[in-house]
Amino acid sequence: MQASIMISDQTKTNGFILSSASLGFSTFACLISCIVFLIIIYHLYYNHVKREDKITVVLCGHIYLTILIYSALLISMSVRSILGDLYNKSFDSSWCIFSGYLAVILLGMLYMNFLNQAFYRLIRIAYSQNRRFQSVKLYIILPIIEIIILTCILLCILMPLNGVTYLPNDQFCHPTFTNIPGVLSTAFVIYVCPFCCLLFIYLHITRFIHQQGNKQTLIIKQRQARDLLIIRRILIIVNLLLIIGIPALVLIFMFIITGEEHPLLARITFLPISVSQAGLSVALLFTITQLKNIVLNLRKTSTVTPVTRAVQGTVQVNTITGTQ
């Protein structure tokens, strides 16, 4: 367990502000992701999604479900920090340790979900004849397999290093940022590997499209250009998620150099993460064309239905009057 560091009243106030801001952004992300996830389930259940768009929508559903659960965990962590600041409560428990491991796994799954989207685009463009990797069932099962593998890898890394511990100044459990071997190993698994794979897929698709030249029909070329644009946007989003972690990296390097840990290191780290979850939940609606279309179609349906009913009512009245 990490030893408690004596902090000043001003630092406590700053910590309270950071936790409150994180709570606000996490709540917003949780609400948006919940609404979009329910819309996706509704469209898939009632078969309102085109067959060629179904896999893309399923993959978006995985991303929003991950954001929903992860944001709920961030809300729990922020609430515990605020209650600890106000009432000096301690939340050290086995559930706390479990939630700490779960938070790391979910963050890794978020990147894996983006990787799954890029992989599907790769299959559609470069290996379109391979139907085995264009099955909806595959992309429903794939995250389950990935979360099992990711959990095993992270547990093998973190448990021997005592990675997840209770942070008494923050009142939640998480890998200690001053545990350099644990932090670097975790970052390599959940950040570096998915990002490198995404970059490789993007470069491979770009090269493949340029090699094809004018061999493809106009419709196929337009679809490939759209897929490439979406992967480029995904790459930009992942880049932004990595850039947002820079404040934490700076503080960690300062700790390595000076040997002094900043008392609000964990809260400074989680504020940008909460902001990224809120931004991500909105940005995806404008990034993924198929997702934007089903949300817009839902709005059109809700506005068209009352008008349709009114027209039907008028027709029925006219019919009755004509018969009489």
# chains A, B, ... in the order shown; residues from 1 in each chain; ligands from 1
>>> residues_around(residues="Ser281 in chain A", least_positions_apart="5", cutoff="7 Å", atoms="only C-alpha atoms", output="PyMOL selection string")
chain A and resi 29+32-33
>>> select_by_dssp(residues="range 93-290 of chain A", states="alpha helix (DSSP H)", output="VMD selection string")
chain A and resid 94 to 126 136 to 158 180 to 187 193 to 212 218 to 244 246 to 258 265 to 287 289 to 290
>>> write_last_selection(atoms="C-alpha atoms", output="CSV table (one decimal), in the first residue's frame")
chain,number,residue,atom,x,y,z
A,94,SER,CA,-11.2,-5.7,-2.3
A,95,TRP,CA,-13.8,-4.1,-4.5
A,96,CYS,CA,-11.5,-1.0,-4.8
A,97,ILE,CA,-8.6,-3.2,-6.0
A,98,PHE,CA,-10.9,-5.0,-8.4
A,99,SER,CA,-12.2,-1.7,-9.9
A,100,GLY,CA,-8.6,-0.6,-10.3
A,101,TYR,CA,-7.7,-3.6,-12.4
A,102,LEU,CA,-11.0,-3.2,-14.3
A,103,ALA,CA,-10.2,0.4,-15.2
A,104,VAL,CA,-6.9,-0.5,-16.7
A,105,ILE,CA,-8.5,-3.4,-18.7
A,106,LEU,CA,-11.3,-1.2,-20.0
A,107,LEU,CA,-8.9,1.5,-21.1
A,108,GLY,CA,-7.0,-1.2,-23.0
A,109,MET,CA,-10.2,-2.5,-24.6
A,110,LEU,CA,-11.1,1.0,-25.8
A,111,TYR,CA,-7.9,1.0,-27.9
A,112,MET,CA,-8.6,-2.6,-29.0
A,113,ASN,CA,-12.0,-1.6,-30.2
A,114,PHE,CA,-10.5,1.1,-32.4
A,115,LEU,CA,-8.0,-1.5,-33.7
A,116,ASN,CA,-10.9,-3.9,-34.5
A,117,GLN,CA,-12.5,-1.1,-36.6
A,118,ALA,CA,-9.3,-0.5,-38.5
A,119,PHE,CA,-8.8,-4.3,-39.0
A,120,TYR,CA,-12.3,-4.6,-40.5
A,121,ARG,CA,-11.6,-1.7,-42.9
A,122,LEU,CA,-8.4,-3.5,-43.9
A,123,ILE,CA,-10.3,-6.7,-44.8
A,124,ARG,CA,-12.9,-4.8,-46.7
A,125,ILE,CA,-10.3,-2.9,-48.8
A,126,ALA,CA,-7.3,-5.2,-49.3
A,136,VAL,CA,-21.1,-10.1,-37.9
A,137,LYS,CA,-20.7,-13.0,-35.5
A,138,LEU,CA,-16.9,-12.8,-35.7
A,139,TYR,CA,-17.0,-9.1,-34.6
A,140,ILE,CA,-19.4,-9.8,-31.8
A,141,ILE,CA,-17.2,-12.6,-30.4
A,142,LEU,CA,-13.9,-10.9,-31.0
A,143,PRO,CA,-14.0,-8.4,-28.1
A,144,ILE,CA,-14.8,-11.3,-25.7
A,145,ILE,CA,-11.7,-13.1,-26.8
A,146,GLU,CA,-9.6,-9.9,-26.6
A,147,ILE,CA,-10.8,-9.0,-23.1
A,148,ILE,CA,-9.8,-12.5,-21.9
A,149,ILE,CA,-6.4,-12.3,-23.4
A,150,LEU,CA,-5.8,-8.7,-22.3
A,151,THR,CA,-6.9,-9.5,-18.8
A,152,CYS,CA,-4.5,-12.4,-18.6
A,153,ILE,CA,-1.6,-10.3,-19.9
A,154,LEU,CA,-2.2,-7.4,-17.6
A,155,LEU,CA,-2.7,-9.5,-14.6
A,156,CYS,CA,0.6,-11.3,-15.3
A,157,ILE,CA,2.3,-8.0,-15.6
A,158,LEU,CA,0.7,-6.0,-12.7
A,180,ILE,CA,7.9,2.8,-13.1
A,181,PRO,CA,8.2,-0.9,-14.3
A,182,GLY,CA,4.4,-1.4,-13.8
A,183,VAL,CA,3.5,1.9,-15.6
A,184,LEU,CA,5.8,1.3,-18.5
A,185,SER,CA,4.7,-2.3,-19.0
A,186,THR,CA,1.0,-1.4,-18.8
A,187,ALA,CA,1.5,1.5,-21.2
A,193,CYS,CA,0.9,-2.1,-29.2
A,194,PRO,CA,-2.6,-1.0,-30.5
A,195,PHE,CA,-1.2,2.3,-31.8
A,196,CYS,CA,1.6,0.6,-33.7
A,197,CYS,CA,-0.9,-1.9,-35.2
A,198,LEU,CA,-3.3,1.0,-36.2
A,199,LEU,CA,-0.4,2.8,-37.8
A,200,PHE,CA,0.6,-0.3,-39.7
A,201,ILE,CA,-2.9,-0.9,-41.0
A,202,TYR,CA,-3.3,2.7,-42.1
A,203,LEU,CA,0.0,2.6,-44.0
A,204,HIS,CA,-0.8,-0.8,-45.6
A,205,ILE,CA,-4.2,0.4,-46.8
A,206,THR,CA,-2.8,3.6,-48.2
A,207,ARG,CA,-0.1,1.7,-50.1
A,208,PHE,CA,-2.7,-0.8,-51.4
A,209,ILE,CA,-5.0,1.9,-52.7
A,210,HIS,CA,-2.1,3.7,-54.5
A,211,GLN,CA,-1.0,0.4,-56.0
A,212,GLN,CA,-4.4,-0.3,-57.4
A,218,LEU,CA,-15.6,4.1,-59.5
A,219,ILE,CA,-18.0,2.7,-56.8
A,220,ILE,CA,-15.2,0.6,-55.2
A,221,LYS,CA,-12.8,3.5,-55.3
A,222,GLN,CA,-15.3,5.8,-53.6
A,223,ARG,CA,-15.9,3.1,-50.9
A,224,GLN,CA,-12.1,2.6,-50.4
A,225,ALA,CA,-11.6,6.4,-50.1
A,226,ARG,CA,-14.3,6.6,-47.5
A,227,ASP,CA,-12.8,3.7,-45.5
A,228,LEU,CA,-9.4,5.2,-45.7
A,229,LEU,CA,-10.8,8.6,-44.4
A,230,ILE,CA,-12.5,6.9,-41.5
A,231,ILE,CA,-9.2,5.1,-40.5
A,232,ARG,CA,-7.3,8.4,-40.8
A,233,ARG,CA,-9.9,9.9,-38.4
A,234,ILE,CA,-9.6,7.0,-36.0
A,235,LEU,CA,-5.8,7.4,-36.1
A,236,ILE,CA,-6.2,11.2,-35.3
A,237,ILE,CA,-8.5,10.3,-32.4
A,238,VAL,CA,-6.0,7.8,-31.0
A,239,ASN,CA,-3.2,10.4,-31.4
A,240,LEU,CA,-5.3,12.9,-29.4
A,241,LEU,CA,-5.9,10.3,-26.7
A,242,LEU,CA,-2.1,9.7,-26.5
A,243,ILE,CA,-1.4,13.5,-26.5
A,244,ILE,CA,-3.9,14.0,-23.6
A,246,ILE,CA,1.3,14.1,-21.8
A,247,PRO,CA,0.7,16.0,-18.4
A,248,ALA,CA,0.9,12.7,-16.6
A,249,LEU,CA,4.1,11.7,-18.5
A,250,VAL,CA,5.7,15.1,-17.6
A,251,LEU,CA,5.0,14.6,-13.9
A,252,ILE,CA,6.2,11.0,-14.0
A,253,PHE,CA,9.5,12.1,-15.6
A,254,MET,CA,9.8,14.8,-13.0
A,255,PHE,CA,9.4,12.1,-10.3
A,256,ILE,CA,12.2,10.0,-12.0
A,257,ILE,CA,14.5,13.1,-12.1
A,258,THR,CA,13.8,14.7,-8.7
A,265,LEU,CA,-0.5,13.1,-9.9
A,266,ALA,CA,-3.4,10.7,-10.2
A,267,ARG,CA,-6.1,13.4,-10.4
A,268,ILE,CA,-4.2,15.4,-12.9
A,269,THR,CA,-3.9,12.3,-15.0
A,270,PHE,CA,-7.6,11.4,-14.8
A,271,LEU,CA,-9.0,14.9,-15.7
A,272,PRO,CA,-7.7,14.7,-19.3
A,273,ILE,CA,-8.9,11.1,-19.5
A,274,SER,CA,-12.4,12.2,-18.5
A,275,VAL,CA,-12.3,15.1,-21.0
A,276,SER,CA,-11.2,12.6,-23.7
A,277,GLN,CA,-14.1,10.2,-22.9
A,278,ALA,CA,-16.6,13.1,-23.2
A,279,GLY,CA,-15.1,14.3,-26.4
A,280,LEU,CA,-14.8,10.8,-27.9
A,281,SER,CA,-18.5,10.1,-27.2
A,282,VAL,CA,-19.5,13.1,-29.4
A,283,ALA,CA,-16.7,13.0,-32.0
A,284,LEU,CA,-17.5,9.4,-33.0
A,285,LEU,CA,-21.0,10.6,-34.1
A,286,PHE,CA,-19.4,12.9,-36.7
A,287,THR,CA,-16.5,10.5,-37.6
A,289,THR,CA,-20.8,8.0,-41.3
A,290,GLN,CA,-23.0,4.9,-40.6
>>> residues_around(residues="range 8-13 of chain A", least_positions_apart="5", cutoff="9 Å", atoms="only C-alpha atoms", output="list in words")
Leu18, Asp85, Pro263 and Leu264 of chain A
>>> write_last_selection(atoms="all heavy atoms", output="PDB file, in the first residue's frame")
ATOM      1  N   LEU A  18     -10.252  19.397  -9.254  1.00  0.00           N
ATOM      2  CA  LEU A  18      -9.917  18.431 -10.302  1.00  0.00           C
ATOM      3  C   LEU A  18     -10.913  17.268 -10.331  1.00  0.00           C
ATOM      4  O   LEU A  18     -11.388  16.855 -11.395  1.00  0.00           O
ATOM      5  CB  LEU A  18      -8.501  17.900 -10.102  1.00  0.00           C
ATOM      6  CG  LEU A  18      -7.343  18.850 -10.415  1.00  0.00           C
ATOM      7  CD1 LEU A  18      -6.019  18.260  -9.913  1.00  0.00           C
ATOM      8  CD2 LEU A  18      -7.257  19.118 -11.911  1.00  0.00           C
ATOM      9  N   ASP A  85     -12.191  13.917   0.390  1.00  0.00           N
ATOM     10  CA  ASP A  85     -11.760  15.290   0.666  1.00  0.00           C
ATOM     11  C   ASP A  85     -12.672  15.976   1.688  1.00  0.00           C
ATOM     12  O   ASP A  85     -12.210  16.725   2.552  1.00  0.00           O
ATOM     13  CB  ASP A  85     -11.752  16.115  -0.636  1.00  0.00           C
ATOM     14  CG  ASP A  85     -10.665  15.665  -1.602  1.00  0.00           C
ATOM     15  OD1 ASP A  85      -9.679  15.058  -1.136  1.00  0.00           O
ATOM     16  OD2 ASP A  85     -10.805  15.910  -2.811  1.00  0.00           O
ATOM     17  N   PRO A 263       1.560  15.383  -5.279  1.00  0.00           N
ATOM     18  CA  PRO A 263       0.452  14.793  -4.509  1.00  0.00           C
ATOM     19  C   PRO A 263      -0.840  14.614  -5.310  1.00  0.00           C
ATOM     20  O   PRO A 263      -1.697  13.825  -4.924  1.00  0.00           O
ATOM     21  CB  PRO A 263       0.252  15.793  -3.358  1.00  0.00           C
ATOM     22  CG  PRO A 263       0.894  17.062  -3.815  1.00  0.00           C
ATOM     23  CD  PRO A 263       2.013  16.660  -4.702  1.00  0.00           C
ATOM     24  N   LEU A 264      -0.986  15.360  -6.406  1.00  0.00           N
ATOM     25  CA  LEU A 264      -2.213  15.270  -7.208  1.00  0.00           C
ATOM     26  C   LEU A 264      -1.967  14.586  -8.554  1.00  0.00           C
ATOM     27  O   LEU A 264      -2.715  14.793  -9.508  1.00  0.00           O
ATOM     28  CB  LEU A 264      -2.796  16.675  -7.440  1.00  0.00           C
ATOM     29  CG  LEU A 264      -3.221  17.444  -6.192  1.00  0.00           C
ATOM     30  CD1 LEU A 264      -3.707  18.829  -6.561  1.00  0.00           C
ATOM     31  CD2 LEU A 264      -4.305  16.692  -5.421  1.00  0.00           C
TER      32      LEU A 264
END
>>> select_by_dssp(residues="range 142-313 of chain A", states="strand (DSSP E)", output="list in words")
Val164, Thr165, Tyr166, Leu167, Phe172, Cys173, His174 and Pro175 of chain A
>>> residues_around(residues="Pro175 in chain A", least_positions_apart="4", cutoff="7 Å", atoms="only C-alpha atoms", output="ChimeraX atom specification")
/A:163-165
>>> write_last_selection(atoms="all heavy atoms", output="compact mmCIF listing (two decimals), in the first residue's frame")
# COMPACT_ATOMS: atom_id res chain seq x y z
N GLY A 163 1.02 -3.84 -8.91
CA GLY A 163 0.68 -2.65 -9.71
C GLY A 163 -0.47 -1.84 -9.18
O GLY A 163 -0.36 -0.62 -9.01
N VAL A 164 -1.62 -2.48 -8.92
CA VAL A 164 -2.81 -1.74 -8.46
C VAL A 164 -2.81 -1.69 -6.94
O VAL A 164 -2.85 -2.72 -6.27
CB VAL A 164 -4.10 -2.40 -8.98
CG1 VAL A 164 -5.32 -1.71 -8.40
CG2 VAL A 164 -4.14 -2.36 -10.50
N THR A 165 -2.79 -0.48 -6.41
CA THR A 165 -2.80 -0.28 -4.96
C THR A 165 -3.79 0.82 -4.60
O THR A 165 -4.25 1.57 -5.47
CB THR A 165 -1.41 0.11 -4.42
OG1 THR A 165 -0.98 1.30 -5.11
CG2 THR A 165 -0.39 -0.98 -4.64
>>> atom_distance(atom1="CA of Arg132 in chain A", atom2="CA of Val49 in chain A")
20.7 Å
>>> closest_residue(among="A:Leu65, A:Leu59, A:Gln171, A:Ile17", to="Cys34 in chain A", atoms="only C-alpha atoms")
A:Leu65
>>> atom_distance(atom1="CA of Cys30 in chain A", atom2="CA of Val79 in chain A")
14.3 Å
